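entry-v7.txt follows (compact mmCIF, C-alpha atoms and all ligand atoms):
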# COMPACT_ATOMS: atom_id res chain seq x y z
CA MET Q 1 45.28 -22.16 47.24
CA ASP Q 2 45.98 -25.67 48.50
CA GLN Q 3 46.09 -28.64 46.13
CA ALA Q 4 43.31 -30.41 48.07
CA THR Q 5 40.86 -27.65 47.18
CA ILE Q 6 41.88 -27.73 43.52
CA GLN Q 7 41.39 -31.49 43.64
CA ARG Q 8 37.90 -31.04 45.12
CA ILE Q 9 36.99 -28.72 42.25
CA LYS Q 10 38.42 -31.22 39.76
CA THR Q 11 36.43 -34.09 41.27
CA ALA Q 12 33.20 -32.08 41.10
CA ILE Q 13 33.52 -31.43 37.35
CA ARG Q 14 31.21 -33.85 35.62
CA ASP Q 15 32.01 -35.72 32.41
CA VAL Q 16 29.15 -35.74 29.90
CA PRO Q 17 29.92 -38.01 26.93
CA ASP Q 18 28.79 -37.08 23.43
CA PHE Q 19 27.75 -33.50 24.23
CA PRO Q 20 27.14 -31.31 22.28
CA LYS Q 21 27.99 -33.83 19.56
CA PRO Q 22 29.14 -37.43 19.31
CA GLY Q 23 32.77 -37.95 20.32
CA ILE Q 24 33.06 -34.87 22.58
CA LEU Q 25 33.57 -35.52 26.30
CA PHE Q 26 32.06 -32.36 27.77
CA LYS Q 27 33.48 -31.11 31.08
CA ASP Q 28 30.43 -29.77 32.93
CA ILE Q 29 31.36 -27.10 35.49
CA THR Q 30 27.79 -26.54 36.74
CA PRO Q 31 28.39 -28.74 39.86
CA VAL Q 32 31.14 -26.26 40.81
CA LEU Q 33 28.76 -23.33 40.36
CA SER Q 34 26.00 -24.91 42.44
CA ASP Q 35 28.27 -25.71 45.41
CA PRO Q 36 28.83 -22.44 47.32
CA THR Q 37 32.15 -23.57 48.81
CA LEU Q 38 33.57 -24.73 45.49
CA PHE Q 39 32.27 -21.73 43.56
CA ARG Q 40 33.90 -19.39 46.06
CA ALA Q 41 37.13 -21.42 45.94
CA ALA Q 42 37.17 -21.22 42.13
CA VAL Q 43 36.74 -17.44 42.22
CA ASP Q 44 39.43 -17.26 44.95
CA LEU Q 45 41.88 -18.93 42.58
CA PHE Q 46 41.50 -16.05 40.14
CA ALA Q 47 41.22 -13.34 42.79
CA GLU Q 48 44.47 -14.42 44.48
CA ARG Q 49 46.32 -13.86 41.21
CA HIS Q 50 44.94 -10.41 40.54
CA ARG Q 51 44.87 -8.58 43.86
CA GLN Q 52 48.37 -7.26 43.05
CA SER Q 53 48.65 -7.88 39.29
CA GLY Q 54 47.75 -4.37 38.21
CA VAL Q 55 44.79 -5.56 36.14
CA GLN Q 56 42.31 -2.80 35.32
CA LYS Q 57 39.48 -4.68 33.55
CA VAL Q 58 38.21 -8.24 33.30
CA ALA Q 59 37.06 -9.49 29.89
CA ALA Q 60 35.01 -12.68 29.77
CA ILE Q 61 34.12 -15.14 27.05
CA ASP Q 62 30.46 -15.94 26.28
CA ALA Q 63 28.92 -17.65 28.19
CA ARG Q 64 30.47 -19.77 30.96
CA GLY Q 65 33.33 -17.31 31.37
CA PHE Q 66 30.74 -14.78 32.57
CA PHE Q 67 30.02 -16.75 35.76
CA PHE Q 68 33.57 -16.63 37.07
CA ALA Q 69 34.46 -13.22 35.67
CA SER Q 70 31.48 -11.42 37.17
CA ALA Q 71 32.14 -12.86 40.63
CA LEU Q 72 35.83 -11.93 40.22
CA CYS Q 73 34.91 -8.36 39.25
CA ASP Q 74 32.71 -8.02 42.30
CA ARG Q 75 35.50 -9.41 44.50
CA LEU Q 76 38.19 -7.06 43.13
CA GLY Q 77 36.09 -4.00 42.34
CA LEU Q 78 36.76 -4.15 38.59
CA GLY Q 79 34.59 -3.61 35.51
CA LEU Q 80 33.56 -6.49 33.21
CA ILE Q 81 33.73 -6.54 29.40
CA PRO Q 82 31.77 -9.31 27.66
CA VAL Q 83 33.32 -10.91 24.58
CA ARG Q 84 30.23 -12.31 22.91
CA LYS Q 85 29.17 -14.34 19.94
CA GLN Q 86 28.28 -12.35 16.84
CA GLY Q 87 24.94 -10.55 16.92
CA LYS Q 88 24.55 -10.31 20.71
CA LEU Q 89 26.15 -6.96 21.54
CA PRO Q 90 23.90 -3.97 20.84
CA TYR Q 91 26.42 -1.15 20.22
CA LYS Q 92 29.21 -0.75 17.61
CA THR Q 93 31.49 -3.79 17.65
CA TYR Q 94 34.81 -5.14 16.44
CA GLU Q 95 34.48 -8.72 15.25
CA LEU Q 96 36.87 -11.56 14.52
CA SER Q 97 36.16 -14.92 12.87
CA TYR Q 98 38.20 -18.00 13.67
CA ASP Q 99 38.22 -21.62 12.59
CA LEU Q 100 36.67 -24.37 14.65
CA GLU Q 101 37.24 -28.08 14.12
CA TYR Q 102 34.24 -27.99 11.81
CA GLY Q 103 33.27 -24.59 10.39
CA SER Q 104 33.99 -21.24 11.99
CA SER Q 105 32.72 -18.84 14.63
CA THR Q 106 32.82 -15.09 15.23
CA VAL Q 107 33.40 -13.20 18.46
CA ALA Q 108 32.61 -9.54 19.06
CA VAL Q 109 33.43 -6.80 21.55
CA HIS Q 110 32.16 -3.24 21.89
CA GLN Q 111 34.44 -0.73 20.20
CA ASP Q 112 34.52 1.50 23.28
CA ALA Q 113 35.15 -1.33 25.77
CA PHE Q 114 38.68 -0.33 26.74
CA VAL Q 115 40.64 2.82 27.43
CA PRO Q 116 43.76 2.56 25.17
CA GLY Q 117 46.46 0.57 26.97
CA GLU Q 118 44.13 -0.66 29.70
CA ARG Q 119 45.46 -3.82 31.37
CA VAL Q 120 43.03 -6.70 30.91
CA VAL Q 121 42.71 -10.24 32.21
CA LEU Q 122 40.65 -12.53 29.96
CA VAL Q 123 38.59 -15.24 31.69
CA ASP Q 124 36.87 -18.39 30.44
CA ASP Q 125 35.82 -21.62 32.08
CA LEU Q 126 37.85 -24.02 29.96
CA LEU Q 127 40.79 -24.08 27.55
CA ALA Q 128 40.22 -26.67 24.82
CA THR Q 129 41.86 -25.98 21.42
CA GLY Q 130 42.50 -22.34 22.32
CA GLY Q 131 40.82 -20.94 19.21
CA THR Q 132 38.18 -18.98 21.08
CA ALA Q 133 40.58 -17.43 23.59
CA SER Q 134 43.08 -16.58 20.87
CA ALA Q 135 40.42 -14.74 18.87
CA ALA Q 136 39.13 -13.01 22.00
CA ALA Q 137 42.62 -11.84 22.99
CA ARG Q 138 43.31 -10.43 19.52
CA LEU Q 139 39.95 -8.68 19.58
CA ILE Q 140 40.70 -7.08 22.96
CA GLU Q 141 43.98 -5.78 21.55
CA ARG Q 142 42.20 -4.41 18.50
CA ALA Q 143 39.87 -2.54 20.86
CA GLY Q 144 42.87 -1.02 22.64
CA GLY Q 145 43.27 -3.33 25.65
CA LYS Q 146 46.52 -5.00 26.72
CA VAL Q 147 46.05 -8.66 27.67
CA LEU Q 148 48.05 -9.31 30.86
CA GLU Q 149 47.01 -12.94 31.25
CA ILE Q 150 44.37 -15.45 30.17
CA ASP Q 151 42.76 -17.39 33.02
CA PHE Q 152 40.76 -20.60 32.79
CA LEU Q 153 39.42 -22.79 35.55
CA VAL Q 154 40.09 -25.93 33.47
CA GLU Q 155 42.62 -26.92 30.81
CA LEU Q 156 42.29 -29.94 28.54
CA ALA Q 157 46.06 -30.27 28.16
CA PHE Q 158 45.92 -33.02 25.52
CA LEU Q 159 44.34 -30.54 23.07
CA LYS Q 160 47.44 -28.31 23.32
CA GLY Q 161 45.44 -25.08 23.38
CA ARG Q 162 48.46 -23.27 24.84
CA ASP Q 163 50.15 -23.57 21.45
CA LYS Q 164 47.55 -21.16 20.03
CA LEU Q 165 48.09 -18.74 22.89
CA LYS Q 166 51.85 -18.29 22.67
CA GLY Q 167 52.88 -14.89 23.96
CA TYR Q 168 50.16 -14.76 26.59
CA PRO Q 169 50.68 -15.91 30.17
CA ILE Q 170 48.14 -18.66 30.92
CA PHE Q 171 46.72 -19.69 34.29
CA ALA Q 172 44.64 -22.88 34.49
CA PRO Q 173 44.67 -24.62 37.87
CA VAL Q 174 42.55 -27.70 37.03
CA VAL Q 175 44.20 -29.84 34.34
CA PHE Q 176 42.84 -32.94 32.63
P1 LIG Q 201 38.30 -23.82 22.29
O1 LIG Q 201 38.13 -22.65 21.39
O2 LIG Q 201 38.43 -25.11 21.55
O3 LIG Q 201 39.41 -23.64 23.30
O4 LIG Q 201 36.95 -24.00 23.06
C1 LIG Q 201 36.73 -23.21 24.11
C2 LIG Q 201 35.28 -23.02 24.44
O5 LIG Q 201 34.47 -24.18 24.18
C3 LIG Q 201 35.22 -22.73 25.90
O6 LIG Q 201 34.38 -21.61 26.04
C4 LIG Q 201 34.63 -23.97 26.52
O7 LIG Q 201 33.61 -23.60 27.41
C5 LIG Q 201 34.05 -24.79 25.38
N1 LIG Q 201 34.51 -26.19 25.33
C6 LIG Q 201 35.25 -26.76 24.36
N2 LIG Q 201 35.46 -28.06 24.57
C7 LIG Q 201 34.86 -28.34 25.74
C8 LIG Q 201 34.72 -29.53 26.54
N3 LIG Q 201 35.26 -30.70 26.16
N4 LIG Q 201 34.05 -29.44 27.69
C9 LIG Q 201 33.51 -28.26 28.08
N5 LIG Q 201 33.58 -27.12 27.38
C10 LIG Q 201 34.25 -27.14 26.22

Let me see the structure of the file written as structure tokens.
Ligand code: AMP
Amino acid sequence: MDQATIQRIKTAIRDVPDFPKPGILFKDITPVLSDPTLFRAAVDLFAERHRQSGVQKVAAIDARGFFFASALCDRLGLGLIPVRKQGKLPYKTYELSYDLEYGSSTVAVHQDAFVPGERVVLVDDLLATGGTASAAARLIERAGGKVLEIDFLVELAFLKGRDKLKGYPIFAPVVF
């Protein structure tokens, strides 16, 4: 993928100050979703990495990860596993709680989501502090999957989320 296309995606991402709470500068990826050329280019970024990577399943983080992961699955002919917030998945789940800046959150995955040893790429829209992706990756492993890589469209590098994801290869083409 050429740098000009990555730059076009970066330029389209909209800053929304004080959302969802005061002091947070929210990176809104919906202008990327609504532009067919940019949406396809974003999915291409992930697809290019995984045509030959040996990945067997795509896991995606609730909710914006679902957009990119489902298009990626369709592109590569792979199945999708949702990693959701607590209380959303209907069948038996494994759950993991993790700390947020204020309070905590819990992610869940279906117990039968993975064949033991299945190679998984985990997808989300944005890497901030890394807490969510770290919990999701550990949960996938608990359910028997092997996390090959964690892919984000966007990384907020100043939050040093990679430090929480040591041991996992990270791909994040758009960096702020
Ligand atoms: P974290 O666990 O801090 O890495 O947060 C990751 C999740 O929160 C991702 O699913 C992001 O979609 C969302 N998120 C956190 N901070 C931001 C931000 N500044 N702009 C947009 N999304 C964010």

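Nearest to ligand LIG 201 (chain Q) of all the residues Q:Gly144, Q:Pro90, Q:Gly167, Q:Pro17 is Q:Pro17, counting all atoms listed in the file.
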
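For ligand LIG 201 (chain Q), the neighbouring polymer residues at 8 Å or closer are Ile24, Leu25, Phe26, Lys27, Asp28, Ile29, Ile61, Asp62, Ala63, Arg64, Gly65, Leu100, Asp124, Asp125, Leu126, Leu127, Ala128, Thr129, Gly130, Gly131, Thr132, Ala133, Ser134, Leu156 and Gly161 of chain Q, all atoms listed in the file being used.
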
In terms of only C-alpha atoms, the residue from Q:Val121, Q:Leu38, Q:Ala135, Q:Val175 at minimal distance from Q:Lys85 is Q:Ala135

Two-atom distance - atom CA of Q:Leu78, atom CA of Q:Thr30 (Å)
24.2 Å

Which residues come within 10 Å of Q:Ala71, counting only C-alpha atoms, excluding same-chain residues fewer than 2 positions away, as a ChimeraX atom specification?
/Q:39-40,42-44,46-47,66-69,73-77,80

Please provide the set of residues having any atom within 10 Å of Q:Thr11, restricted to all atoms listed in the file, with same-chain residues fewer than 5 positions apart removed, written as a list in words.
Thr5, Ile6, Pro31, Val32 and Val174 of chain Q

When distances are computed from only C-alpha atoms, which of Q:Val16, Q:Asp151, Q:Ala113, Q:Leu122 shows the smallest separation from Q:Glu48?
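For Q:Glu48, the nearest of the given residues is Q:Asp151.
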
Would you mind reading off the distance between atom CA of Q:Gln3 and atom CA of Q:Val123, one decimal, in Å?
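Atom CA of Q:Val123 lies at a distance of 21.1 Å from atom CA of Q:Gln3.
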
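Nearest to Q:Ile170 of all the residues Q:Leu89, Q:Ala59, Q:Ala143, Q:Leu153 is Q:Leu153, counting all atoms listed in the file.
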
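For the pair atom CA of Q:Tyr94 and atom CA of Q:Lys21, the separation is 29.7 Å.
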
Repair of stretch 101-112 of chain Q at the level of all heavy atoms, as a PDB file, keeping the file's coordinate frame:
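Done, and the output landed in part_25.pdb:
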ATOM      1  N   GLU Q 101      36.928 -26.772  14.712  1.00  0.00           N
ATOM      2  CA  GLU Q 101      37.240 -28.080  14.120  1.00  0.00           C
ATOM      3  C   GLU Q 101      36.401 -28.280  12.852  1.00  0.00           C
ATOM      4  O   GLU Q 101      36.894 -28.699  11.810  1.00  0.00           O
ATOM      5  CB  GLU Q 101      36.964 -29.166  15.146  1.00  0.00           C
ATOM      6  CG  GLU Q 101      37.771 -30.411  14.913  1.00  0.00           C
ATOM      7  CD  GLU Q 101      37.538 -31.429  16.007  1.00  0.00           C
ATOM      8  OE1 GLU Q 101      36.984 -31.061  17.059  1.00  0.00           O
ATOM      9  OE2 GLU Q 101      37.875 -32.595  15.772  1.00  0.00           O
ATOM     10  N   TYR Q 102      35.130 -27.975  12.977  1.00  0.00           N
ATOM     11  CA  TYR Q 102      34.240 -27.990  11.810  1.00  0.00           C
ATOM     12  C   TYR Q 102      33.617 -26.613  11.705  1.00  0.00           C
ATOM     13  O   TYR Q 102      32.929 -26.186  12.621  1.00  0.00           O
ATOM     14  CB  TYR Q 102      33.124 -29.033  11.977  1.00  0.00           C
ATOM     15  CG  TYR Q 102      33.647 -30.417  12.212  1.00  0.00           C
ATOM     16  CD1 TYR Q 102      33.653 -30.968  13.483  1.00  0.00           C
ATOM     17  CD2 TYR Q 102      34.151 -31.163  11.153  1.00  0.00           C
ATOM     18  CE1 TYR Q 102      34.154 -32.240  13.709  1.00  0.00           C
ATOM     19  CE2 TYR Q 102      34.651 -32.423  11.372  1.00  0.00           C
ATOM     20  CZ  TYR Q 102      34.648 -32.969  12.646  1.00  0.00           C
ATOM     21  OH  TYR Q 102      35.148 -34.214  12.856  1.00  0.00           O
ATOM     22  N   GLY Q 103      33.883 -25.897  10.616  1.00  0.00           N
ATOM     23  CA  GLY Q 103      33.270 -24.590  10.390  1.00  0.00           C
ATOM     24  C   GLY Q 103      34.038 -23.473  11.079  1.00  0.00           C
ATOM     25  O   GLY Q 103      35.233 -23.585  11.337  1.00  0.00           O
ATOM     26  N   SER Q 104      33.329 -22.382  11.358  1.00  0.00           N
ATOM     27  CA  SER Q 104      33.990 -21.240  11.990  1.00  0.00           C
ATOM     28  C   SER Q 104      33.013 -20.543  12.923  1.00  0.00           C
ATOM     29  O   SER Q 104      31.819 -20.841  12.939  1.00  0.00           O
ATOM     30  CB  SER Q 104      34.472 -20.277  10.909  1.00  0.00           C
ATOM     31  OG  SER Q 104      33.369 -19.676  10.283  1.00  0.00           O
ATOM     32  N   SER Q 105      33.547 -19.597  13.706  1.00  0.00           N
ATOM     33  CA  SER Q 105      32.720 -18.840  14.630  1.00  0.00           C
ATOM     34  C   SER Q 105      33.238 -17.406  14.655  1.00  0.00           C
ATOM     35  O   SER Q 105      34.353 -17.135  14.201  1.00  0.00           O
ATOM     36  CB  SER Q 105      32.802 -19.468  16.020  1.00  0.00           C
ATOM     37  OG  SER Q 105      31.891 -18.827  16.884  1.00  0.00           O
ATOM     38  N   THR Q 106      32.435 -16.496  15.170  1.00  0.00           N
ATOM     39  CA  THR Q 106      32.820 -15.090  15.230  1.00  0.00           C
ATOM     40  C   THR Q 106      32.570 -14.544  16.627  1.00  0.00           C
ATOM     41  O   THR Q 106      31.505 -14.772  17.199  1.00  0.00           O
ATOM     42  CB  THR Q 106      32.016 -14.266  14.197  1.00  0.00           C
ATOM     43  OG1 THR Q 106      32.260 -14.816  12.899  1.00  0.00           O
ATOM     44  CG2 THR Q 106      32.422 -12.810  14.197  1.00  0.00           C
ATOM     45  N   VAL Q 107      33.577 -13.869  17.169  1.00  0.00           N
ATOM     46  CA  VAL Q 107      33.400 -13.200  18.460  1.00  0.00           C
ATOM     47  C   VAL Q 107      33.399 -11.685  18.249  1.00  0.00           C
ATOM     48  O   VAL Q 107      33.952 -11.189  17.261  1.00  0.00           O
ATOM     49  CB  VAL Q 107      34.498 -13.599  19.482  1.00  0.00           C
ATOM     50  CG1 VAL Q 107      34.242 -14.970  20.067  1.00  0.00           C
ATOM     51  CG2 VAL Q 107      35.892 -13.512  18.879  1.00  0.00           C
ATOM     52  N   ALA Q 108      32.779 -10.991  19.196  1.00  0.00           N
ATOM     53  CA  ALA Q 108      32.610  -9.540  19.060  1.00  0.00           C
ATOM     54  C   ALA Q 108      32.820  -8.854  20.405  1.00  0.00           C
ATOM     55  O   ALA Q 108      32.559  -9.447  21.464  1.00  0.00           O
ATOM     56  CB  ALA Q 108      31.204  -9.232  18.536  1.00  0.00           C
ATOM     57  N   VAL Q 109      33.291  -7.602  20.330  1.00  0.00           N
ATOM     58  CA  VAL Q 109      33.430  -6.800  21.550  1.00  0.00           C
ATOM     59  C   VAL Q 109      33.034  -5.359  21.197  1.00  0.00           C
ATOM     60  O   VAL Q 109      33.192  -4.931  20.047  1.00  0.00           O
ATOM     61  CB  VAL Q 109      34.883  -6.884  22.106  1.00  0.00           C
ATOM     62  CG1 VAL Q 109      35.870  -6.113  21.248  1.00  0.00           C
ATOM     63  CG2 VAL Q 109      34.969  -6.427  23.556  1.00  0.00           C
ATOM     64  N   HIS Q 110      32.517  -4.640  22.153  1.00  0.00           N
ATOM     65  CA  HIS Q 110      32.160  -3.240  21.890  1.00  0.00           C
ATOM     66  C   HIS Q 110      33.410  -2.414  21.599  1.00  0.00           C
ATOM     67  O   HIS Q 110      34.443  -2.561  22.267  1.00  0.00           O
ATOM     68  CB  HIS Q 110      31.422  -2.644  23.088  1.00  0.00           C
ATOM     69  CG  HIS Q 110      29.956  -2.932  23.070  1.00  0.00           C
ATOM     70  ND1 HIS Q 110      29.203  -3.038  24.221  1.00  0.00           N
ATOM     71  CD2 HIS Q 110      29.086  -3.126  22.035  1.00  0.00           C
ATOM     72  CE1 HIS Q 110      27.936  -3.280  23.889  1.00  0.00           C
ATOM     73  NE2 HIS Q 110      27.836  -3.341  22.582  1.00  0.00           N
ATOM     74  N   GLN Q 111      33.282  -1.522  20.630  1.00  0.00           N
ATOM     75  CA  GLN Q 111      34.440  -0.730  20.200  1.00  0.00           C
ATOM     76  C   GLN Q 111      34.968   0.181  21.315  1.00  0.00           C
ATOM     77  O   GLN Q 111      36.147   0.505  21.342  1.00  0.00           O
ATOM     78  CB  GLN Q 111      34.080   0.108  18.971  1.00  0.00           C
ATOM     79  CG  GLN Q 111      33.903  -0.745  17.727  1.00  0.00           C
ATOM     80  CD  GLN Q 111      33.687   0.082  16.473  1.00  0.00           C
ATOM     81  OE1 GLN Q 111      33.793   1.307  16.478  1.00  0.00           O
ATOM     82  NE2 GLN Q 111      33.381  -0.594  15.372  1.00  0.00           N
ATOM     83  N   ASP Q 112      34.088   0.585  22.218  1.00  0.00           N
ATOM     84  CA  ASP Q 112      34.520   1.500  23.280  1.00  0.00           C
ATOM     85  C   ASP Q 112      34.765   0.783  24.611  1.00  0.00           C
ATOM     86  O   ASP Q 112      34.749   1.398  25.680  1.00  0.00           O
ATOM     87  CB  ASP Q 112      33.475   2.603  23.485  1.00  0.00           C
ATOM     88  CG  ASP Q 112      32.128   2.046  23.949  1.00  0.00           C
ATOM     89  OD1 ASP Q 112      31.970   0.793  23.965  1.00  0.00           O
ATOM     90  OD2 ASP Q 112      31.249   2.844  24.308  1.00  0.00           O
TER      91      ASP Q 112
END
